[in-house]
file structure.pdb (PDB, C-alpha atoms, pLDDT in the B column)
ATOM      1  CA  MET A   1      -7.150   5.152 -57.579  1.00 57.00           C
ATOM      2  CA  SER A   2      -9.838   7.787 -56.985  1.00 60.00           C
ATOM      3  CA  LYS A   3      -9.541  10.316 -54.171  1.00 55.00           C
ATOM      4  CA  LYS A   4     -12.608   8.813 -52.475  1.00 56.00           C
ATOM      5  CA  LYS A   5     -11.133   5.300 -52.444  1.00 56.00           C
ATOM      6  CA  SER A   6      -7.775   6.648 -51.310  1.00 57.00           C
ATOM      7  CA  HIS A   7      -9.443   8.464 -48.416  1.00 53.00           C
ATOM      8  CA  ARG A   8     -11.292   5.297 -47.347  1.00 61.00           C
ATOM      9  CA  LEU A   9      -8.071   3.298 -47.517  1.00 58.00           C
ATOM     10  CA  ARG A  10      -6.221   5.808 -45.343  1.00 58.00           C
ATOM     11  CA  ARG A  11      -9.002   5.666 -42.753  1.00 56.00           C
ATOM     12  CA  ARG A  12      -8.862   1.861 -42.663  1.00 59.00           C
ATOM     13  CA  VAL A  13      -5.084   1.889 -42.265  1.00 49.00           C
ATOM     14  CA  LEU A  14      -5.361   4.434 -39.451  1.00 48.00           C
ATOM     15  CA  ALA A  15      -8.041   2.374 -37.690  1.00 48.00           C
ATOM     16  CA  ALA A  16      -5.976  -0.797 -38.009  1.00 51.00           C
ATOM     17  CA  SER A  17      -2.875   0.967 -36.694  1.00 50.00           C
ATOM     18  CA  THR A  18      -4.825   2.283 -33.711  1.00 45.00           C
ATOM     19  CA  MET A  19      -6.093  -1.211 -32.890  1.00 48.00           C
ATOM     20  CA  LEU A  20      -2.555  -2.591 -33.062  1.00 48.00           C
ATOM     21  CA  VAL A  21      -1.290   0.087 -30.683  1.00 46.00           C
ATOM     22  CA  LEU A  22      -4.121  -0.514 -28.222  1.00 45.00           C
ATOM     23  CA  ALA A  23      -3.528  -4.257 -28.347  1.00 46.00           C
ATOM     24  CA  SER A  24       0.230  -3.976 -27.913  1.00 48.00           C
ATOM     25  CA  PRO A  25       1.854  -5.207 -24.683  1.00 49.00           C
ATOM     26  CA  LEU A  26       2.928  -1.640 -23.895  1.00 46.00           C
ATOM     27  CA  ALA A  27      -0.652  -0.374 -23.998  1.00 48.00           C
ATOM     28  CA  LEU A  28      -1.867  -3.303 -21.920  1.00 47.00           C
ATOM     29  CA  HIS A  29       0.849  -2.726 -19.330  1.00 51.00           C
ATOM     30  CA  ALA A  30      -0.028   0.978 -19.241  1.00 55.00           C
ATOM     31  CA  ALA A  31      -3.653   0.112 -18.491  1.00 48.00           C
ATOM     32  CA  GLU A  32      -2.570  -2.208 -15.682  1.00 63.00           C
ATOM     33  CA  ARG A  33      -0.472   0.569 -14.135  1.00 77.00           C
ATOM     34  CA  LEU A  34      -3.373   3.014 -14.136  1.00 80.00           C
ATOM     35  CA  ASP A  35      -5.603   3.361 -11.058  1.00 82.00           C
ATOM     36  CA  LEU A  36      -8.524   5.630 -11.970  1.00 84.00           C
ATOM     37  CA  ALA A  37     -10.666   4.806  -8.928  1.00 82.00           C
ATOM     38  CA  GLY A  38      -9.488   7.907  -7.072  1.00 81.00           C
ATOM     39  CA  LEU A  39     -11.008  10.198  -9.701  1.00 83.00           C
ATOM     40  CA  GLN A  40     -14.408   9.593  -8.093  1.00 81.00           C
ATOM     41  CA  SER A  41     -13.271  11.092  -4.771  1.00 76.00           C
ATOM     42  CA  ALA A  42     -13.674  14.687  -6.027  1.00 79.00           C
ATOM     43  CA  ASP A  43     -14.704  16.704  -9.082  1.00 83.00           C
ATOM     44  CA  ARG A  44     -11.257  18.230  -9.661  1.00 86.00           C
ATOM     45  CA  HIS A  45      -7.710  17.054  -8.972  1.00 87.00           C
ATOM     46  CA  ASP A  46      -4.225  18.543  -8.983  1.00 86.00           C
ATOM     47  CA  ARG A  47      -2.093  15.990  -7.106  1.00 90.00           C
ATOM     48  CA  PHE A  48      -1.055  12.538  -8.277  1.00 91.00           C
ATOM     49  CA  ILE A  49       1.212   9.769  -7.000  1.00 90.00           C
ATOM     50  CA  VAL A  50       3.608   8.275  -9.541  1.00 88.00           C
ATOM     51  CA  LYS A  51       5.808   5.268  -8.755  1.00 89.00           C
ATOM     52  CA  TYR A  52       8.767   4.775 -11.073  1.00 86.00           C
ATOM     53  CA  ARG A  53      10.233   1.314 -11.488  1.00 86.00           C
ATOM     54  CA  ASP A  54      13.301   0.317  -9.510  1.00 87.00           C
ATOM     55  CA  GLY A  55      16.368   0.749 -11.686  1.00 84.00           C
ATOM     56  CA  SER A  56      14.845   3.524 -13.801  1.00 82.00           C
ATOM     57  CA  ALA A  57      16.590   6.878 -14.105  1.00 81.00           C
ATOM     58  CA  ALA A  58      13.706   8.670 -12.386  1.00 81.00           C
ATOM     59  CA  GLN A  59      13.838   6.270  -9.442  1.00 83.00           C
ATOM     60  CA  ALA A  60      17.609   6.516  -9.084  1.00 82.00           C
ATOM     61  CA  GLN A  61      17.833  10.270  -9.662  1.00 80.00           C
ATOM     62  CA  PRO A  62      14.713  12.224  -8.635  1.00 75.00           C
ATOM     63  CA  ALA A  63      16.159  15.327 -10.297  1.00 77.00           C
ATOM     64  CA  THR A  64      15.378  13.774 -13.694  1.00 78.00           C
ATOM     65  CA  ILE A  65      11.649  13.578 -12.912  1.00 80.00           C
ATOM     66  CA  ASP A  66      11.043  17.228 -13.788  1.00 77.00           C
ATOM     67  CA  ALA A  67      12.278  16.609 -17.332  1.00 76.00           C
ATOM     68  CA  ALA A  68       9.912  13.656 -17.731  1.00 75.00           C
ATOM     69  CA  LEU A  69       7.007  15.675 -16.336  1.00 77.00           C
ATOM     70  CA  GLY A  70       7.814  18.585 -18.624  1.00 72.00           C
ATOM     71  CA  SER A  71       7.688  16.274 -21.625  1.00 71.00           C
ATOM     72  CA  VAL A  72       4.222  15.047 -20.650  1.00 71.00           C
ATOM     73  CA  ALA A  73       2.955  18.560 -19.916  1.00 65.00           C
ATOM     74  CA  GLY A  74       4.137  19.691 -23.335  1.00 64.00           C
ATOM     75  CA  ARG A  75       1.929  17.082 -24.998  1.00 62.00           C
ATOM     76  CA  LEU A  76      -1.106  17.725 -22.832  1.00 62.00           C
ATOM     77  CA  ALA A  77      -3.431  20.614 -23.659  1.00 56.00           C
ATOM     78  CA  VAL A  78      -6.508  20.892 -21.463  1.00 50.00           C
ATOM     79  CA  GLY A  79      -9.097  23.485 -20.532  1.00 49.00           C
ATOM     80  CA  GLY A  80      -9.649  25.073 -23.931  1.00 52.00           C
ATOM     81  CA  GLY A  81      -6.174  24.331 -25.247  1.00 56.00           C
ATOM     82  CA  LYS A  82      -4.276  25.805 -22.300  1.00 61.00           C
ATOM     83  CA  GLN A  83      -1.264  23.830 -21.174  1.00 59.00           C
ATOM     84  CA  ARG A  84      -0.741  22.876 -17.555  1.00 67.00           C
ATOM     85  CA  ARG A  85       2.612  22.727 -15.813  1.00 79.00           C
ATOM     86  CA  LEU A  86       3.626  19.695 -13.783  1.00 81.00           C
ATOM     87  CA  GLU A  87       5.962  19.877 -10.818  1.00 84.00           C
ATOM     88  CA  HIS A  88       7.566  17.275  -8.594  1.00 83.00           C
ATOM     89  CA  LEU A  89       6.702  17.900  -4.934  1.00 84.00           C
ATOM     90  CA  ARG A  90       8.371  15.143  -2.947  1.00 87.00           C
ATOM     91  CA  ARG A  91       9.240  11.479  -2.684  1.00 87.00           C
ATOM     92  CA  THR A  92       7.237   9.378  -0.241  1.00 87.00           C
ATOM     93  CA  ALA A  93       8.602   6.866   2.250  1.00 85.00           C
ATOM     94  CA  VAL A  94       7.667   3.975  -0.069  1.00 86.00           C
ATOM     95  CA  GLY A  95       9.594   5.445  -3.006  1.00 86.00           C
ATOM     96  CA  ALA A  96       6.674   6.923  -4.954  1.00 88.00           C
ATOM     97  CA  ASP A  97       6.635  10.561  -6.063  1.00 87.00           C
ATOM     98  CA  VAL A  98       3.942  13.177  -5.541  1.00 89.00           C
ATOM     99  CA  VAL A  99       3.424  15.485  -8.520  1.00 87.00           C
ATOM    100  CA  ARG A 100       1.130  18.486  -8.866  1.00 87.00           C
ATOM    101  CA  THR A 101      -0.436  20.342 -11.771  1.00 85.00           C
ATOM    102  CA  SER A 102      -0.429  24.134 -11.879  1.00 82.00           C
ATOM    103  CA  ARG A 103      -4.244  24.132 -11.831  1.00 82.00           C
ATOM    104  CA  LYS A 104      -6.904  21.663 -10.796  1.00 86.00           C
ATOM    105  CA  LEU A 105      -8.132  19.390 -13.575  1.00 84.00           C
ATOM    106  CA  ASP A 106     -11.621  18.032 -14.065  1.00 85.00           C
ATOM    107  CA  ARG A 107     -11.999  14.265 -14.143  1.00 86.00           C
ATOM    108  CA  ALA A 108     -11.643  13.962 -17.917  1.00 86.00           C
ATOM    109  CA  ASP A 109      -8.454  16.034 -18.057  1.00 85.00           C
ATOM    110  CA  ALA A 110      -7.065  14.305 -14.967  1.00 85.00           C
ATOM    111  CA  GLU A 111      -7.614  10.915 -16.595  1.00 86.00           C
ATOM    112  CA  SER A 112      -5.924  12.127 -19.781  1.00 83.00           C
ATOM    113  CA  LEU A 113      -2.901  13.245 -17.772  1.00 83.00           C
ATOM    114  CA  MET A 114      -2.742   9.958 -15.881  1.00 86.00           C
ATOM    115  CA  ARG A 115      -2.843   7.993 -19.128  1.00 87.00           C
ATOM    116  CA  GLN A 116      -0.009  10.098 -20.537  1.00 82.00           C
ATOM    117  CA  LEU A 117       2.114   9.412 -17.461  1.00 84.00           C
ATOM    118  CA  ALA A 118       1.215   5.703 -17.416  1.00 86.00           C
ATOM    119  CA  ALA A 119       2.376   5.363 -21.026  1.00 84.00           C
ATOM    120  CA  ASP A 120       5.960   5.772 -19.797  1.00 84.00           C
ATOM    121  CA  PRO A 121       7.378   2.220 -19.493  1.00 85.00           C
ATOM    122  CA  ASP A 122       9.373   3.363 -16.449  1.00 83.00           C
ATOM    123  CA  VAL A 123       6.155   4.069 -14.530  1.00 86.00           C
ATOM    124  CA  GLU A 124       5.122   1.231 -12.234  1.00 88.00           C
ATOM    125  CA  TYR A 125       1.791   2.774 -11.259  1.00 89.00           C
ATOM    126  CA  ILE A 126      -0.046   6.083 -10.982  1.00 90.00           C
ATOM    127  CA  GLU A 127      -2.996   7.071  -8.817  1.00 91.00           C
ATOM    128  CA  VAL A 128      -4.779  10.153  -7.520  1.00 90.00           C
ATOM    129  CA  ASP A 129      -3.328  11.624  -4.331  1.00 88.00           C
ATOM    130  CA  LYS A 130      -6.685  11.720  -2.582  1.00 84.00           C
ATOM    131  CA  LEU A 131      -7.488  12.708   0.983  1.00 79.00           C
ATOM    132  CA  ASN A 132      -8.633   9.806   3.151  1.00 73.00           C
ATOM    133  CA  ARG A 133     -10.529  10.390   6.374  1.00 71.00           C
ATOM    134  CA  ALA A 134     -10.689   7.868   9.183  1.00 70.00           C
ATOM    135  CA  PHE A 135     -13.974   7.192  10.973  1.00 70.00           C
ATOM    136  CA  TRP A 136     -13.973   7.463  14.750  1.00 75.00           C
ATOM    137  CA  THR A 137     -14.921   4.172  16.376  1.00 76.00           C
ATOM    138  CA  PRO A 138     -15.135   3.260  20.061  1.00 78.00           C
ATOM    139  CA  ASN A 139     -12.701   0.904  21.758  1.00 78.00           C
ATOM    140  CA  ASP A 140     -15.501  -1.498  22.666  1.00 79.00           C
ATOM    141  CA  PRO A 141     -14.128  -4.996  21.931  1.00 79.00           C
ATOM    142  CA  ARG A 142     -17.615  -6.108  20.874  1.00 80.00           C
ATOM    143  CA  PHE A 143     -18.379  -3.109  18.694  1.00 80.00           C
ATOM    144  CA  SER A 144     -18.172  -5.215  15.536  1.00 79.00           C
ATOM    145  CA  GLN A 145     -21.080  -7.316  16.829  1.00 81.00           C
ATOM    146  CA  GLN A 146     -23.377  -4.292  17.155  1.00 82.00           C
ATOM    147  CA  TYR A 147     -24.613  -4.081  13.577  1.00 80.00           C
ATOM    148  CA  GLY A 148     -27.159  -1.404  14.479  1.00 86.00           C
ATOM    149  CA  PHE A 149     -24.415   1.228  14.717  1.00 84.00           C
ATOM    150  CA  GLY A 150     -22.856   0.432  11.351  1.00 77.00           C
ATOM    151  CA  THR A 151     -23.464   1.495   7.767  1.00 74.00           C
ATOM    152  CA  GLY A 152     -24.971  -1.783   6.581  1.00 77.00           C
ATOM    153  CA  ALA A 153     -28.613  -2.814   6.342  1.00 79.00           C
ATOM    154  CA  GLY A 154     -30.463  -1.687   9.459  1.00 80.00           C
ATOM    155  CA  GLY A 155     -27.539   0.420  10.695  1.00 84.00           C
ATOM    156  CA  ILE A 156     -27.919   4.025  11.844  1.00 85.00           C
ATOM    157  CA  ARG A 157     -24.491   5.027  10.434  1.00 83.00           C
ATOM    158  CA  ALA A 158     -23.271   6.046  13.875  1.00 85.00           C
ATOM    159  CA  THR A 159     -19.622   5.837  12.813  1.00 80.00           C
ATOM    160  CA  THR A 160     -20.243   8.690  10.374  1.00 80.00           C
ATOM    161  CA  ALA A 161     -22.179  10.747  12.928  1.00 82.00           C
ATOM    162  CA  TRP A 162     -19.438  10.324  15.542  1.00 81.00           C
ATOM    163  CA  ASP A 163     -17.050  12.200  13.253  1.00 79.00           C
ATOM    164  CA  VAL A 164     -19.310  15.243  13.739  1.00 80.00           C
ATOM    165  CA  THR A 165     -20.257  14.898  17.403  1.00 82.00           C
ATOM    166  CA  LYS A 166     -20.161  12.283  20.134  1.00 79.00           C
ATOM    167  CA  GLY A 167     -23.130  13.690  22.024  1.00 79.00           C
ATOM    168  CA  ALA A 168     -21.261  15.581  24.745  1.00 80.00           C
ATOM    169  CA  GLY A 169     -23.757  17.522  26.875  1.00 81.00           C
ATOM    170  CA  ALA A 170     -26.821  15.793  25.422  1.00 83.00           C
ATOM    171  CA  VAL A 171     -29.371  14.168  27.741  1.00 83.00           C
ATOM    172  CA  VAL A 172     -31.171  11.074  26.461  1.00 79.00           C
ATOM    173  CA  ALA A 173     -34.460   9.846  27.918  1.00 78.00           C
ATOM    174  CA  VAL A 174     -34.904   6.078  27.822  1.00 75.00           C
ATOM    175  CA  LEU A 175     -38.546   4.972  27.648  1.00 75.00           C
ATOM    176  CA  ASP A 176     -38.165   1.345  28.550  1.00 72.00           C
ATOM    177  CA  THR A 177     -38.713  -1.090  31.387  1.00 68.00           C
ATOM    178  CA  GLY A 178     -35.368  -0.129  32.894  1.00 69.00           C
ATOM    179  CA  ILE A 179     -31.649  -0.660  32.516  1.00 73.00           C
ATOM    180  CA  ALA A 180     -29.213  -3.147  33.931  1.00 77.00           C
ATOM    181  CA  SER A 181     -26.018  -2.181  35.673  1.00 81.00           C
ATOM    182  CA  HIS A 182     -23.391  -1.507  33.006  1.00 81.00           C
ATOM    183  CA  SER A 183     -19.888  -0.065  33.213  1.00 80.00           C
ATOM    184  CA  ASP A 184     -20.555   2.266  30.267  1.00 76.00           C
ATOM    185  CA  LEU A 185     -23.739   3.679  31.838  1.00 79.00           C
ATOM    186  CA  ASN A 186     -23.445   3.670  35.625  1.00 83.00           C
ATOM    187  CA  ALA A 187     -21.448   6.908  35.885  1.00 84.00           C
ATOM    188  CA  ASN A 188     -23.733   8.735  33.440  1.00 81.00           C
ATOM    189  CA  ILE A 189     -27.235   8.037  34.759  1.00 82.00           C
ATOM    190  CA  LEU A 190     -29.325  10.986  35.973  1.00 81.00           C
ATOM    191  CA  PRO A 191     -32.185  10.678  38.451  1.00 77.00           C
ATOM    192  CA  GLY A 192     -35.594  10.417  36.832  1.00 73.00           C
ATOM    193  CA  TYR A 193     -39.075   9.015  37.285  1.00 73.00           C
ATOM    194  CA  ASP A 194     -39.434   5.255  37.464  1.00 70.00           C
ATOM    195  CA  PHE A 195     -42.755   4.095  36.044  1.00 70.00           C
ATOM    196  CA  ILE A 196     -42.189   0.523  37.211  1.00 70.00           C
ATOM    197  CA  SER A 197     -43.596  -0.088  40.675  1.00 70.00           C
ATOM    198  CA  ASP A 198     -43.514  -3.871  40.560  1.00 71.00           C
ATOM    199  CA  THR A 199     -40.455  -5.354  38.875  1.00 68.00           C
ATOM    200  CA  THR A 200     -41.929  -8.839  38.993  1.00 71.00           C
ATOM    201  CA  VAL A 201     -44.500  -7.950  36.340  1.00 66.00           C
ATOM    202  CA  ALA A 202     -42.463  -5.401  34.412  1.00 60.00           C
TER     203      ALA A 202
END

call {"tool": "encode", "arguments": {"input": "structure.pdb", "output": "structure tokens"}}
result
Amino acid sequence: MSKKKSHRLRRRVLAASTMLVLASPLALHAAERLDLAGLQSADRHDRFIVKYRDGSAAQAQPATIDAALGSVAGRLAVGGGKQRRLEHLRRTAVGADVVRTSRKLDRADAESLMRQLAADPDVEYIEVDKLNRAFWTPNDPRFSQQYGFGTGAGGIRATTAWDVTKGAGAVVAVLDTGIASHSDLNANILPGYDFISDTTVA
């Protein structure tokens, strides 16, 4: 067999082997355990949440997690070939573990790390430890009916603005035919000029 044919044969065998690995139940399970949605929350990441399966050594003995993390870090070279250390920070109330890299990773390197961790059959799931922020909303029981304040079509995105300021100290002029008595307004109305002299035709 010529060297050229031998080289082509090796490439075909390698491609077939790769397809078999990707199609294996282990690879499919690893993909199911991987939540990459959190990568879009920021450009760089250094904290991840890993949940080990009940009954696994890592779940029963958290001290063994560092060894597992060290094994993954040893196989992962990012940022121009530089290796990153992984450390176990703490266990959460739901039994998952927070791990941190020695430096922040860009999205591509973070995904590579997550895939390495998800390949462990003892891992139930892995996700980015992202920071969630709650929007401030009023306690008005009918707030959900006031679509104009929301973020949907026609909304002014007031819930986002209220996280910055709630208008304390601001005076608003209402150019309208008047206002009705309302518990939210009565204590906050300032005297002004009333352009309506005859309410019957207003």

call {"tool": "resolve_selection", "arguments": {"input": "structure.pdb", "expression": "the PyMOL selection byres ((chain A and resi 167-174) around 12)", "output": "list in words"}}
result
Ala158, Ala161, Trp162, Asp163, Val164, Thr165, Lys166, Leu175, Asp176, Thr177, Gly178, Ile179, Leu185, Asn188, Ile189, Leu190, Pro191, Gly192, Tyr193, Asp194 and Phe195 of chain A

call {"tool": "write_last_selection", "arguments": {"input": "structure.pdb", "atoms": "C-alpha atoms", "output": "PDB file, in the frame of the given file"}}
result
ATOM      1  CA  ALA A 158     -23.271   6.046  13.875  1.00 85.00           C
ATOM      2  CA  ALA A 161     -22.179  10.747  12.928  1.00 82.00           C
ATOM      3  CA  TRP A 162     -19.438  10.324  15.542  1.00 81.00           C
ATOM      4  CA  ASP A 163     -17.050  12.200  13.253  1.00 79.00           C
ATOM      5  CA  VAL A 164     -19.310  15.243  13.739  1.00 80.00           C
ATOM      6  CA  THR A 165     -20.257  14.898  17.403  1.00 82.00           C
ATOM      7  CA  LYS A 166     -20.161  12.283  20.134  1.00 79.00           C
ATOM      8  CA  LEU A 175     -38.546   4.972  27.648  1.00 75.00           C
ATOM      9  CA  ASP A 176     -38.165   1.345  28.550  1.00 72.00           C
ATOM     10  CA  THR A 177     -38.713  -1.090  31.387  1.00 68.00           C
ATOM     11  CA  GLY A 178     -35.368  -0.129  32.894  1.00 69.00           C
ATOM     12  CA  ILE A 179     -31.649  -0.660  32.516  1.00 73.00           C
ATOM     13  CA  LEU A 185     -23.739   3.679  31.838  1.00 79.00           C
ATOM     14  CA  ASN A 188     -23.733   8.735  33.440  1.00 81.00           C
ATOM     15  CA  ILE A 189     -27.235   8.037  34.759  1.00 82.00           C
ATOM     16  CA  LEU A 190     -29.325  10.986  35.973  1.00 81.00           C
ATOM     17  CA  PRO A 191     -32.185  10.678  38.451  1.00 77.00           C
ATOM     18  CA  GLY A 192     -35.594  10.417  36.832  1.00 73.00           C
ATOM     19  CA  TYR A 193     -39.075   9.015  37.285  1.00 73.00           C
ATOM     20  CA  ASP A 194     -39.434   5.255  37.464  1.00 70.00           C
ATOM     21  CA  PHE A 195     -42.755   4.095  36.044  1.00 70.00           C
TER      22      PHE A 195
END

call {"tool": "residues_around", "arguments": {"input": "structure.pdb", "residues": "Ile49 (chain A)", "least_positions_apart": "3", "cutoff": "6 Å", "atoms": "all atoms listed in the file", "output": "tab-separated table (two decimals) with C-alpha atoms, keeping the file's coordinate frame"}}
result
chain	number	residue	atom	x	y	z
A	97	ASP	CA	6.64	10.56	-6.06
A	98	VAL	CA	3.94	13.18	-5.54
A	126	ILE	CA	-0.05	6.08	-10.98
A	127	GLU	CA	-3.00	7.07	-8.82
A	129	ASP	CA	-3.33	11.62	-4.33

call {"tool": "residues_around", "arguments": {"input": "structure.pdb", "residues": "Ala57 (chain A)", "least_positions_apart": "3", "cutoff": "12 Å", "atoms": "all atoms listed in the file", "output": "ChimeraX atom specification"}}
result
/A:52-54,60-68,121-123

call {"tool": "resolve_selection", "arguments": {"input": "structure.pdb", "expression": "the PyMOL selection byres ((chain A and resi 45) around 10)", "output": "MDAnalysis selection string"}}
result
chainID A and resid 38:39 41:44 46:48 100:101 103:107 109:111 128:130

call {"tool": "atom_distance", "arguments": {"input": "structure.pdb", "atom1": "CA of Ser56 (chain A)", "atom2": "CA of Gly95 (chain A)"}}
result
12.2 Å

call {"tool": "atom_distance", "arguments": {"input": "structure.pdb", "atom1": "CA of Gly154 (chain A)", "atom2": "CA of Ser181 (chain A)"}}
result
26.6 Å

call {"tool": "residues_around", "arguments": {"input": "structure.pdb", "residues": "Ala118 (chain A)", "least_positions_apart": "4", "cutoff": "7 Å", "atoms": "all atoms listed in the file", "output": "PyMOL selection string"}}
result
chain A and resi 30+33-34+114+123+125-126

call {"tool": "atom_distance", "arguments": {"input": "structure.pdb", "atom1": "CA of Ser112 (chain A)", "atom2": "CA of Arg91 (chain A)"}}
result
22.9 Å

call {"tool": "resolve_selection", "arguments": {"input": "structure.pdb", "expression": "the PyMOL selection byres ((chain A and resi 136-143) around 9)", "output": "list in words"}}
result
Ala134, Phe135, Ser144, Gln145, Gln146, Tyr147, Phe149, Ala158, Thr159, Thr160, Trp162 and Asp163 of chain A
